[in-house]
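Source file structure_26.tsv; content: TSV, N, CA and C atoms.
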```tsv
chain	number	residue	atom	x	y	z
A	1	MET	N	-40.88	-0.06	-14.92
A	1	MET	CA	-39.78	-1.02	-14.83
A	1	MET	C	-40.27	-2.25	-14.09
A	2	ASN	N	-40.10	-3.42	-14.70
A	2	ASN	CA	-40.50	-4.67	-14.08
A	2	ASN	C	-39.37	-5.18	-13.21
A	3	THR	N	-39.58	-5.20	-11.91
A	3	THR	CA	-38.53	-5.66	-11.01
A	3	THR	C	-38.75	-7.11	-10.57
A	4	ARG	N	-39.86	-7.69	-10.99
A	4	ARG	CA	-40.14	-9.08	-10.64
A	4	ARG	C	-39.14	-9.99	-11.35
A	5	LEU	N	-38.58	-10.92	-10.60
A	5	LEU	CA	-37.59	-11.83	-11.17
A	5	LEU	C	-38.27	-12.87	-12.06
A	6	PRO	N	-37.81	-13.01	-13.31
A	6	PRO	CA	-38.31	-14.11	-14.13
A	6	PRO	C	-37.90	-15.45	-13.49
A	7	SER	N	-38.68	-16.48	-13.72
A	7	SER	CA	-38.43	-17.76	-13.06
A	7	SER	C	-37.03	-18.30	-13.36
A	8	GLN	N	-36.54	-18.09	-14.58
A	8	GLN	CA	-35.21	-18.61	-14.92
A	8	GLN	C	-34.12	-17.88	-14.13
A	9	THR	N	-34.28	-16.57	-13.95
A	9	THR	CA	-33.31	-15.81	-13.16
A	9	THR	C	-33.43	-16.20	-11.69
A	10	GLN	N	-34.66	-16.32	-11.22
A	10	GLN	CA	-34.89	-16.72	-9.83
A	10	GLN	C	-34.24	-18.07	-9.54
A	11	SER	N	-34.33	-19.01	-10.47
A	11	SER	CA	-33.75	-20.34	-10.23
A	11	SER	C	-32.23	-20.27	-10.12
A	12	VAL	N	-31.59	-19.38	-10.89
A	12	VAL	CA	-30.14	-19.21	-10.76
A	12	VAL	C	-29.81	-18.65	-9.39
A	13	PHE	N	-30.52	-17.59	-8.99
A	13	PHE	CA	-30.25	-16.96	-7.70
A	13	PHE	C	-30.55	-17.91	-6.54
A	14	ASP	N	-31.59	-18.73	-6.68
A	14	ASP	CA	-31.94	-19.69	-5.63
A	14	ASP	C	-30.84	-20.72	-5.38
A	15	GLY	N	-30.01	-20.96	-6.39
A	15	GLY	CA	-28.92	-21.93	-6.25
A	15	GLY	C	-27.66	-21.36	-5.65
A	16	LEU	N	-27.69	-20.12	-5.24
A	16	LEU	CA	-26.51	-19.44	-4.71
A	16	LEU	C	-26.65	-19.20	-3.21
A	17	PRO	N	-25.52	-19.01	-2.51
A	17	PRO	CA	-25.60	-18.60	-1.12
A	17	PRO	C	-26.41	-17.30	-1.01
A	18	LYS	N	-27.16	-17.15	0.07
A	18	LYS	CA	-28.09	-16.02	0.23
A	18	LYS	C	-27.41	-14.65	0.06
A	19	ALA	N	-26.25	-14.46	0.66
A	19	ALA	CA	-25.57	-13.16	0.58
A	19	ALA	C	-25.19	-12.84	-0.86
A	20	LEU	N	-24.74	-13.85	-1.58
A	20	LEU	CA	-24.37	-13.67	-2.99
A	20	LEU	C	-25.60	-13.35	-3.84
A	21	ALA	N	-26.67	-14.09	-3.63
A	21	ALA	CA	-27.91	-13.86	-4.37
A	21	ALA	C	-28.44	-12.46	-4.11
A	22	LYS	N	-28.36	-12.01	-2.87
A	22	LYS	CA	-28.85	-10.67	-2.52
A	22	LYS	C	-28.08	-9.60	-3.30
A	23	GLN	N	-26.77	-9.74	-3.38
A	23	GLN	CA	-25.97	-8.76	-4.10
A	23	GLN	C	-26.26	-8.80	-5.61
A	24	LEU	N	-26.50	-10.00	-6.14
A	24	LEU	CA	-26.83	-10.11	-7.56
A	24	LEU	C	-28.19	-9.49	-7.87
A	25	VAL	N	-29.14	-9.63	-6.95
A	25	VAL	CA	-30.44	-8.97	-7.13
A	25	VAL	C	-30.24	-7.45	-7.14
A	26	THR	N	-29.36	-6.95	-6.28
A	26	THR	CA	-29.05	-5.53	-6.26
A	26	THR	C	-28.44	-5.09	-7.59
A	27	LEU	N	-27.50	-5.88	-8.12
A	27	LEU	CA	-26.91	-5.55	-9.42
A	27	LEU	C	-27.97	-5.55	-10.51
A	28	ARG	N	-28.83	-6.54	-10.49
A	28	ARG	CA	-29.92	-6.63	-11.47
A	28	ARG	C	-30.77	-5.36	-11.42
A	29	THR	N	-31.11	-4.92	-10.22
A	29	THR	CA	-31.91	-3.72	-10.05
A	29	THR	C	-31.20	-2.50	-10.63
A	30	LEU	N	-29.89	-2.39	-10.40
A	30	LEU	CA	-29.12	-1.27	-10.95
A	30	LEU	C	-29.12	-1.30	-12.48
A	31	ILE	N	-29.02	-2.48	-13.06
A	31	ILE	CA	-29.05	-2.62	-14.52
A	31	ILE	C	-30.40	-2.17	-15.06
A	32	LEU	N	-31.47	-2.65	-14.45
A	32	LEU	CA	-32.81	-2.28	-14.91
A	32	LEU	C	-33.09	-0.79	-14.72
A	33	GLU	N	-32.65	-0.22	-13.59
A	33	GLU	CA	-32.83	1.21	-13.35
A	33	GLU	C	-32.07	2.04	-14.39
A	34	THR	N	-30.85	1.63	-14.67
A	34	THR	CA	-30.02	2.35	-15.63
A	34	THR	C	-30.68	2.37	-17.00
A	35	ALA	N	-31.20	1.23	-17.42
A	35	ALA	CA	-31.89	1.15	-18.71
A	35	ALA	C	-33.13	2.03	-18.72
A	36	ALA	N	-33.89	1.99	-17.64
A	36	ALA	CA	-35.13	2.77	-17.56
A	36	ALA	C	-34.87	4.27	-17.57
A	37	GLU	N	-33.70	4.69	-17.08
A	37	GLU	CA	-33.36	6.11	-17.00
A	37	GLU	C	-32.82	6.67	-18.32
A	38	ASN	N	-32.57	5.80	-19.30
A	38	ASN	CA	-31.96	6.23	-20.55
A	38	ASN	C	-32.81	5.75	-21.72
A	39	SER	N	-33.53	6.68	-22.34
A	39	SER	CA	-34.49	6.31	-23.38
A	39	SER	C	-33.85	5.67	-24.62
A	40	VAL	N	-32.58	5.93	-24.89
A	40	VAL	CA	-31.95	5.32	-26.07
A	40	VAL	C	-31.69	3.83	-25.89
A	41	ILE	N	-31.67	3.38	-24.65
A	41	ILE	CA	-31.42	1.96	-24.37
A	41	ILE	C	-32.67	1.14	-24.69
A	42	GLY	N	-33.82	1.66	-24.32
A	42	GLY	CA	-35.05	0.92	-24.55
A	42	GLY	C	-35.22	-0.21	-23.55
A	43	PRO	N	-36.26	-1.02	-23.75
A	43	PRO	CA	-36.50	-2.12	-22.81
A	43	PRO	C	-35.42	-3.19	-22.93
A	44	LEU	N	-35.08	-3.79	-21.81
A	44	LEU	CA	-34.10	-4.87	-21.82
A	44	LEU	C	-34.79	-6.21	-21.92
A	45	GLU	N	-34.13	-7.12	-22.60
A	45	GLU	CA	-34.56	-8.52	-22.60
A	45	GLU	C	-33.72	-9.22	-21.53
A	46	GLU	N	-34.40	-9.87	-20.60
A	46	GLU	CA	-33.71	-10.62	-19.55
A	46	GLU	C	-33.82	-12.10	-19.88
A	47	THR	N	-32.69	-12.74	-19.99
A	47	THR	CA	-32.66	-14.15	-20.36
A	47	THR	C	-31.46	-14.82	-19.68
A	48	LEU	N	-31.20	-16.06	-20.01
A	48	LEU	CA	-29.99	-16.72	-19.54
A	48	LEU	C	-29.07	-16.96	-20.72
A	49	LYS	N	-27.80	-16.65	-20.53
A	49	LYS	CA	-26.75	-17.00	-21.50
A	49	LYS	C	-25.68	-17.74	-20.72
A	50	TRP	N	-25.36	-18.92	-21.18
A	50	TRP	CA	-24.40	-19.77	-20.50
A	50	TRP	C	-24.82	-20.00	-19.04
A	51	GLY	N	-26.13	-20.07	-18.82
A	51	GLY	CA	-26.67	-20.33	-17.49
A	51	GLY	C	-26.61	-19.14	-16.55
A	52	GLU	N	-26.28	-17.97	-17.08
A	52	GLU	CA	-26.17	-16.77	-16.26
A	52	GLU	C	-27.21	-15.73	-16.68
A	53	PRO	N	-27.76	-14.99	-15.71
A	53	PRO	CA	-28.69	-13.91	-16.06
A	53	PRO	C	-28.00	-12.92	-17.01
A	54	ALA	N	-28.69	-12.63	-18.11
A	54	ALA	CA	-28.13	-11.76	-19.14
A	54	ALA	C	-29.15	-10.68	-19.51
A	55	TYR	N	-28.64	-9.52	-19.85
A	55	TYR	CA	-29.48	-8.36	-20.16
A	55	TYR	C	-29.06	-7.84	-21.53
A	56	LEU	N	-30.02	-7.85	-22.47
A	56	LEU	CA	-29.76	-7.51	-23.86
A	56	LEU	C	-30.62	-6.33	-24.29
A	57	THR	N	-30.08	-5.54	-25.18
A	57	THR	CA	-30.82	-4.41	-25.75
A	57	THR	C	-31.43	-4.87	-27.08
A	58	SER	N	-32.23	-5.90	-27.04
A	58	SER	CA	-32.79	-6.51	-28.26
A	58	SER	C	-33.63	-5.54	-29.08
A	59	ALA	N	-34.38	-4.68	-28.42
A	59	ALA	CA	-35.29	-3.77	-29.14
A	59	ALA	C	-34.52	-2.68	-29.89
A	60	THR	N	-33.52	-2.09	-29.27
A	60	THR	CA	-32.82	-0.96	-29.88
A	60	THR	C	-31.45	-1.34	-30.44
A	61	LYS	N	-30.91	-2.45	-29.99
A	61	LYS	CA	-29.54	-2.87	-30.39
A	61	LYS	C	-28.50	-1.82	-30.01
A	62	SER	N	-28.77	-1.05	-28.97
A	62	SER	CA	-27.89	0.05	-28.58
A	62	SER	C	-26.62	-0.41	-27.86
A	63	GLY	N	-26.65	-1.60	-27.28
A	63	GLY	CA	-25.51	-2.00	-26.46
A	63	GLY	C	-25.13	-3.45	-26.57
A	64	THR	N	-24.11	-3.78	-25.81
A	64	THR	CA	-23.63	-5.15	-25.74
A	64	THR	C	-24.28	-5.85	-24.54
A	65	THR	N	-24.31	-7.14	-24.58
A	65	THR	CA	-24.92	-7.94	-23.52
A	65	THR	C	-24.14	-7.80	-22.22
A	66	ILE	N	-24.88	-7.72	-21.13
A	66	ILE	CA	-24.32	-7.74	-19.78
A	66	ILE	C	-24.80	-9.02	-19.12
A	67	ARG	N	-23.87	-9.74	-18.49
A	67	ARG	CA	-24.24	-10.91	-17.70
A	67	ARG	C	-23.80	-10.67	-16.26
A	68	ILE	N	-24.52	-11.30	-15.32
A	68	ILE	CA	-24.13	-11.22	-13.91
A	68	ILE	C	-24.18	-12.62	-13.31
A	69	ASN	N	-23.25	-12.90	-12.41
A	69	ASN	CA	-23.25	-14.19	-11.72
A	69	ASN	C	-22.13	-14.22	-10.69
A	70	ARG	N	-22.08	-15.31	-9.96
A	70	ARG	CA	-20.96	-15.50	-9.05
A	70	ARG	C	-19.70	-15.55	-9.89
A	71	HIS	N	-18.57	-15.23	-9.30
A	71	HIS	CA	-17.31	-15.19	-10.03
A	71	HIS	C	-16.52	-16.45	-9.75
A	72	LYS	N	-16.24	-17.20	-10.79
A	72	LYS	CA	-15.42	-18.42	-10.70
A	72	LYS	C	-15.88	-19.36	-9.58
A	73	LYS	N	-17.16	-19.56	-9.49
A	73	LYS	CA	-17.76	-20.48	-8.50
A	73	LYS	C	-17.47	-20.10	-7.05
A	74	SER	N	-17.08	-18.85	-6.84
A	74	SER	CA	-16.77	-18.35	-5.49
A	74	SER	C	-18.05	-18.09	-4.71
A	75	ASP	N	-17.99	-18.28	-3.42
A	75	ASP	CA	-19.10	-17.89	-2.55
A	75	ASP	C	-18.93	-16.45	-2.07
A	76	ASN	N	-17.79	-15.84	-2.37
A	76	ASN	CA	-17.47	-14.51	-1.87
A	76	ASN	C	-17.36	-13.43	-2.94
A	77	GLU	N	-17.34	-13.84	-4.20
A	77	GLU	CA	-17.20	-12.86	-5.28
A	77	GLU	C	-18.27	-13.07	-6.34
A	78	TYR	N	-18.66	-11.98	-6.96
A	78	TYR	CA	-19.61	-12.02	-8.06
A	78	TYR	C	-19.17	-10.95	-9.05
A	79	ALA	N	-19.76	-10.97	-10.25
A	79	ALA	CA	-19.24	-10.08	-11.28
A	79	ALA	C	-20.30	-9.64	-12.28
A	80	ILE	N	-19.99	-8.55	-12.94
A	80	ILE	CA	-20.67	-8.11	-14.15
A	80	ILE	C	-19.72	-8.47	-15.28
A	81	TYR	N	-20.25	-9.17	-16.28
A	81	TYR	CA	-19.45	-9.56	-17.43
A	81	TYR	C	-19.94	-8.85	-18.68
A	82	VAL	N	-18.98	-8.38	-19.49
A	82	VAL	CA	-19.30	-7.79	-20.80
A	82	VAL	C	-18.50	-8.56	-21.85
A	83	HIS	N	-18.85	-8.37	-23.09
A	83	HIS	CA	-18.18	-9.06	-24.18
A	83	HIS	C	-16.69	-8.72	-24.16
A	84	CYS	N	-15.84	-9.75	-24.23
A	84	CYS	CA	-14.40	-9.54	-24.09
A	84	CYS	C	-13.76	-8.84	-25.29
A	85	GLN	N	-14.46	-8.77	-26.41
A	85	GLN	CA	-13.88	-8.10	-27.58
A	85	GLN	C	-14.26	-6.62	-27.65
A	86	THR	N	-14.89	-6.12	-26.62
A	86	THR	CA	-15.14	-4.67	-26.53
A	86	THR	C	-13.97	-4.05	-25.76
A	87	ASP	N	-13.92	-2.73	-25.77
A	87	ASP	CA	-12.90	-2.03	-24.98
A	87	ASP	C	-13.48	-1.52	-23.67
A	88	LEU	N	-14.64	-2.04	-23.28
A	88	LEU	CA	-15.34	-1.51	-22.11
A	88	LEU	C	-14.53	-1.62	-20.82
A	89	VAL	N	-13.95	-2.77	-20.54
A	89	VAL	CA	-13.22	-2.91	-19.27
A	89	VAL	C	-12.02	-1.97	-19.24
A	90	GLU	N	-11.37	-1.77	-20.37
A	90	GLU	CA	-10.27	-0.80	-20.41
A	90	GLU	C	-10.76	0.61	-20.08
A	91	ARG	N	-11.91	0.98	-20.62
A	91	ARG	CA	-12.48	2.29	-20.30
A	91	ARG	C	-12.88	2.37	-18.83
A	92	TYR	N	-13.47	1.28	-18.32
A	92	TYR	CA	-13.85	1.25	-16.90
A	92	TYR	C	-12.62	1.46	-16.02
A	93	LYS	N	-11.52	0.80	-16.38
A	93	LYS	CA	-10.29	0.92	-15.58
A	93	LYS	C	-9.80	2.36	-15.56
A	94	GLN	N	-9.87	3.04	-16.71
A	94	GLN	CA	-9.43	4.43	-16.78
A	94	GLN	C	-10.28	5.33	-15.88
A	95	LEU	N	-11.58	5.06	-15.84
A	95	LEU	CA	-12.49	5.89	-15.07
A	95	LEU	C	-12.55	5.51	-13.59
A	96	TYR	N	-12.52	4.20	-13.32
A	96	TYR	CA	-12.82	3.72	-11.97
A	96	TYR	C	-11.80	2.72	-11.43
A	97	GLY	N	-10.59	2.78	-11.95
A	97	GLY	CA	-9.55	1.85	-11.51
A	97	GLY	C	-9.23	1.93	-10.03
A	98	ASP	N	-9.57	3.06	-9.43
A	98	ASP	CA	-9.30	3.25	-8.01
A	98	ASP	C	-10.41	2.72	-7.10
A	99	ILE	N	-11.61	2.44	-7.67
A	99	ILE	CA	-12.70	1.99	-6.80
A	99	ILE	C	-13.33	0.67	-7.23
A	100	LEU	N	-13.03	0.20	-8.44
A	100	LEU	CA	-13.58	-1.08	-8.89
A	100	LEU	C	-12.44	-2.06	-9.14
A	101	LYS	N	-12.77	-3.34	-9.06
A	101	LYS	CA	-11.80	-4.42	-9.30
A	101	LYS	C	-12.18	-5.08	-10.63
A	102	PHE	N	-11.19	-5.41	-11.44
A	102	PHE	CA	-11.44	-5.96	-12.76
A	102	PHE	C	-10.70	-7.27	-12.96
A	103	GLU	N	-11.20	-8.04	-13.93
A	103	GLU	CA	-10.47	-9.23	-14.36
A	103	GLU	C	-10.46	-9.27	-15.87
A	104	GLY	N	-9.26	-9.29	-16.43
A	104	GLY	CA	-9.11	-9.39	-17.87
A	104	GLY	C	-9.84	-8.29	-18.61
A	105	SER	N	-10.43	-8.68	-19.75
A	105	SER	CA	-11.13	-7.72	-20.59
A	105	SER	C	-12.64	-7.92	-20.53
A	106	ARG	N	-13.11	-8.66	-19.49
A	106	ARG	CA	-14.53	-8.96	-19.50
A	106	ARG	C	-15.28	-8.77	-18.20
A	107	ALA	N	-14.62	-8.50	-17.07
A	107	ALA	CA	-15.37	-8.53	-15.81
A	107	ALA	C	-15.03	-7.39	-14.85
A	108	ILE	N	-16.08	-6.93	-14.17
A	108	ILE	CA	-15.95	-6.11	-12.97
A	108	ILE	C	-16.30	-7.06	-11.83
A	109	VAL	N	-15.40	-7.22	-10.89
A	109	VAL	CA	-15.55	-8.20	-9.82
A	109	VAL	C	-15.83	-7.49	-8.50
A	110	PHE	N	-16.78	-8.04	-7.75
A	110	PHE	CA	-17.19	-7.46	-6.48
A	110	PHE	C	-17.04	-8.48	-5.36
A	111	ASP	N	-16.80	-7.98	-4.15
A	111	ASP	CA	-16.75	-8.81	-2.96
A	111	ASP	C	-18.12	-8.77	-2.30
A	112	VAL	N	-18.62	-9.92	-1.90
A	112	VAL	CA	-19.97	-10.02	-1.34
A	112	VAL	C	-20.14	-9.20	-0.08
A	113	ASP	N	-19.06	-8.94	0.65
A	113	ASP	CA	-19.14	-8.21	1.92
A	113	ASP	C	-18.97	-6.70	1.78
A	114	GLN	N	-18.80	-6.22	0.55
A	114	GLN	CA	-18.60	-4.78	0.36
A	114	GLN	C	-19.79	-4.18	-0.38
A	115	ASP	N	-20.06	-2.92	-0.08
A	115	ASP	CA	-21.14	-2.21	-0.77
A	115	ASP	C	-20.78	-2.01	-2.23
A	116	ILE	N	-21.77	-2.03	-3.07
A	116	ILE	CA	-21.58	-1.76	-4.49
A	116	ILE	C	-21.47	-0.25	-4.67
A	117	PRO	N	-20.41	0.23	-5.34
A	117	PRO	CA	-20.31	1.66	-5.62
A	117	PRO	C	-21.32	2.03	-6.72
A	118	THR	N	-22.51	2.36	-6.29
A	118	THR	CA	-23.68	2.49	-7.16
A	118	THR	C	-23.47	3.38	-8.37
A	119	GLU	N	-23.00	4.60	-8.16
A	119	GLU	CA	-22.89	5.53	-9.29
A	119	GLU	C	-21.88	5.05	-10.32
A	120	ALA	N	-20.75	4.53	-9.87
A	120	ALA	CA	-19.73	4.02	-10.80
A	120	ALA	C	-20.29	2.83	-11.59
A	121	VAL	N	-20.97	1.93	-10.90
A	121	VAL	CA	-21.51	0.75	-11.56
A	121	VAL	C	-22.60	1.14	-12.56
A	122	LYS	N	-23.47	2.05	-12.18
A	122	LYS	CA	-24.52	2.49	-13.11
A	122	LYS	C	-23.91	3.14	-14.35
A	123	HIS	N	-22.84	3.90	-14.19
A	123	HIS	CA	-22.17	4.50	-15.34
A	123	HIS	C	-21.58	3.41	-16.23
A	124	CYS	N	-20.94	2.42	-15.65
A	124	CYS	CA	-20.37	1.30	-16.43
A	124	CYS	C	-21.47	0.54	-17.16
A	125	VAL	N	-22.57	0.30	-16.50
A	125	VAL	CA	-23.71	-0.38	-17.12
A	125	VAL	C	-24.24	0.44	-18.29
A	126	ALA	N	-24.38	1.75	-18.09
A	126	ALA	CA	-24.87	2.62	-19.16
A	126	ALA	C	-23.92	2.59	-20.35
A	127	MET	N	-22.64	2.56	-20.10
A	127	MET	CA	-21.65	2.49	-21.18
A	127	MET	C	-21.82	1.18	-21.97
A	128	ALA	N	-22.07	0.09	-21.28
A	128	ALA	CA	-22.25	-1.19	-21.97
A	128	ALA	C	-23.55	-1.19	-22.77
A	129	LEU	N	-24.62	-0.68	-22.16
A	129	LEU	CA	-25.93	-0.72	-22.81
A	129	LEU	C	-26.08	0.30	-23.94
A	130	THR	N	-25.09	1.18	-24.08
A	130	THR	CA	-25.09	2.12	-25.22
A	130	THR	C	-23.83	1.94	-26.09
A	131	TYR	N	-23.14	0.87	-25.90
A	131	TYR	CA	-21.84	0.63	-26.56
A	131	TYR	C	-21.91	0.76	-28.08
A	132	HIS	N	-22.92	0.22	-28.70
A	132	HIS	CA	-23.00	0.24	-30.17
A	132	HIS	C	-23.34	1.63	-30.72
A	133	LEU	N	-23.77	2.52	-29.88
A	133	LEU	CA	-24.04	3.88	-30.33
A	133	LEU	C	-22.74	4.67	-30.51
A	134	ARG	N	-21.66	4.22	-29.85
A	134	ARG	CA	-20.38	4.91	-29.89
A	134	ARG	C	-19.34	4.18	-30.72
A	135	SER	N	-19.53	2.91	-30.98
A	135	SER	CA	-18.47	2.14	-31.65
A	135	SER	C	-18.61	2.14	-33.15
```

Could you write out this file's structure as structure tokens?
Amino acid sequence: MNTRLPSQTQSVFDGLPKALAKQLVTLRTLILETAAENSVIGPLEETLKWGEPAYLTSATKSGTTIRINRHKKSDNEYAIYVHCQTDLVERYKQLYGDILKFEGSRAIVFDVDQDIPTEAVKHCVAMALTYHLRS
């Protein structure tokens, strides 16, 4: 697993407050770990979409794109975004409505001062990265 930040991702994180960037690097690591732990996902392509770090299953086409970034230009919130026309956020709410915060049909929102609930987030990431295998 390549944990080195590509220059384009690094430049996005460099433009953010340090605490926010640190949490986004943690989210990135969880996404990469989740993909590496599941052979059906295959290698991820890391790129920018709409100026945000994005993770695609280009090789296997097993899942939908995941993006991460600050939430609504906030210095205190950041998010994982999935395609709004999937049912992923609805499924996430059913499973983790008591421990995760959501917005609409596209985002899991986190507070910069709170720990990331690792196992729940990794499960949500795995669901996104294998979405096309179930739909």

query = Around (-24.1, -16.8, -13.2) in the file's frame, which residues reach within 6 Å when counting only C-alpha atoms? Return as a ChimeraX atom specification?
reply = /A:52,68-70

I need the residues from that last selection saved to file as a short mmCIF file (atom, residue, chain, number, x, y, z; two decimals), in the coordinates of the input (with N, CA and C atoms), if you can.
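Dumped everything to again.cif:
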```
data_model
loop_
_atom_site.label_atom_id
_atom_site.label_comp_id
_atom_site.auth_asym_id
_atom_site.auth_seq_id
_atom_site.Cartn_x
_atom_site.Cartn_y
_atom_site.Cartn_z
N GLU A 52 -26.28 -17.97 -17.08
CA GLU A 52 -26.17 -16.77 -16.26
C GLU A 52 -27.21 -15.73 -16.68
N ILE A 68 -24.52 -11.30 -15.32
CA ILE A 68 -24.13 -11.22 -13.91
C ILE A 68 -24.18 -12.62 -13.31
N ASN A 69 -23.25 -12.90 -12.41
CA ASN A 69 -23.25 -14.19 -11.72
C ASN A 69 -22.13 -14.22 -10.69
N ARG A 70 -22.08 -15.31 -9.96
CA ARG A 70 -20.96 -15.50 -9.05
C ARG A 70 -19.70 -15.55 -9.89
#
```

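Distance annotation: of A:Ser74, A:Gln85, A:Gln114, A:Thr64, the residue with the minimal separation from Leu133 in chain A is A:Thr64; atom set is only C-alpha atoms.
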
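Shortest separation to Ile80 in chain A among A:Leu27, A:Val40, A:Leu100, A:Ala21 occurs at residue A:Leu27, atoms counted being only C-alpha atoms.
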
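CA of Thr34 in chain A lies 22.1 Å from CA of Val12 in chain A.
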
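Ranking A:Val125, A:Cys84, A:Tyr78, A:Ser58 by their shortest atom-to-atom distance to Leu24 in chain A, with all atoms listed in the file included, puts A:Tyr78 first.
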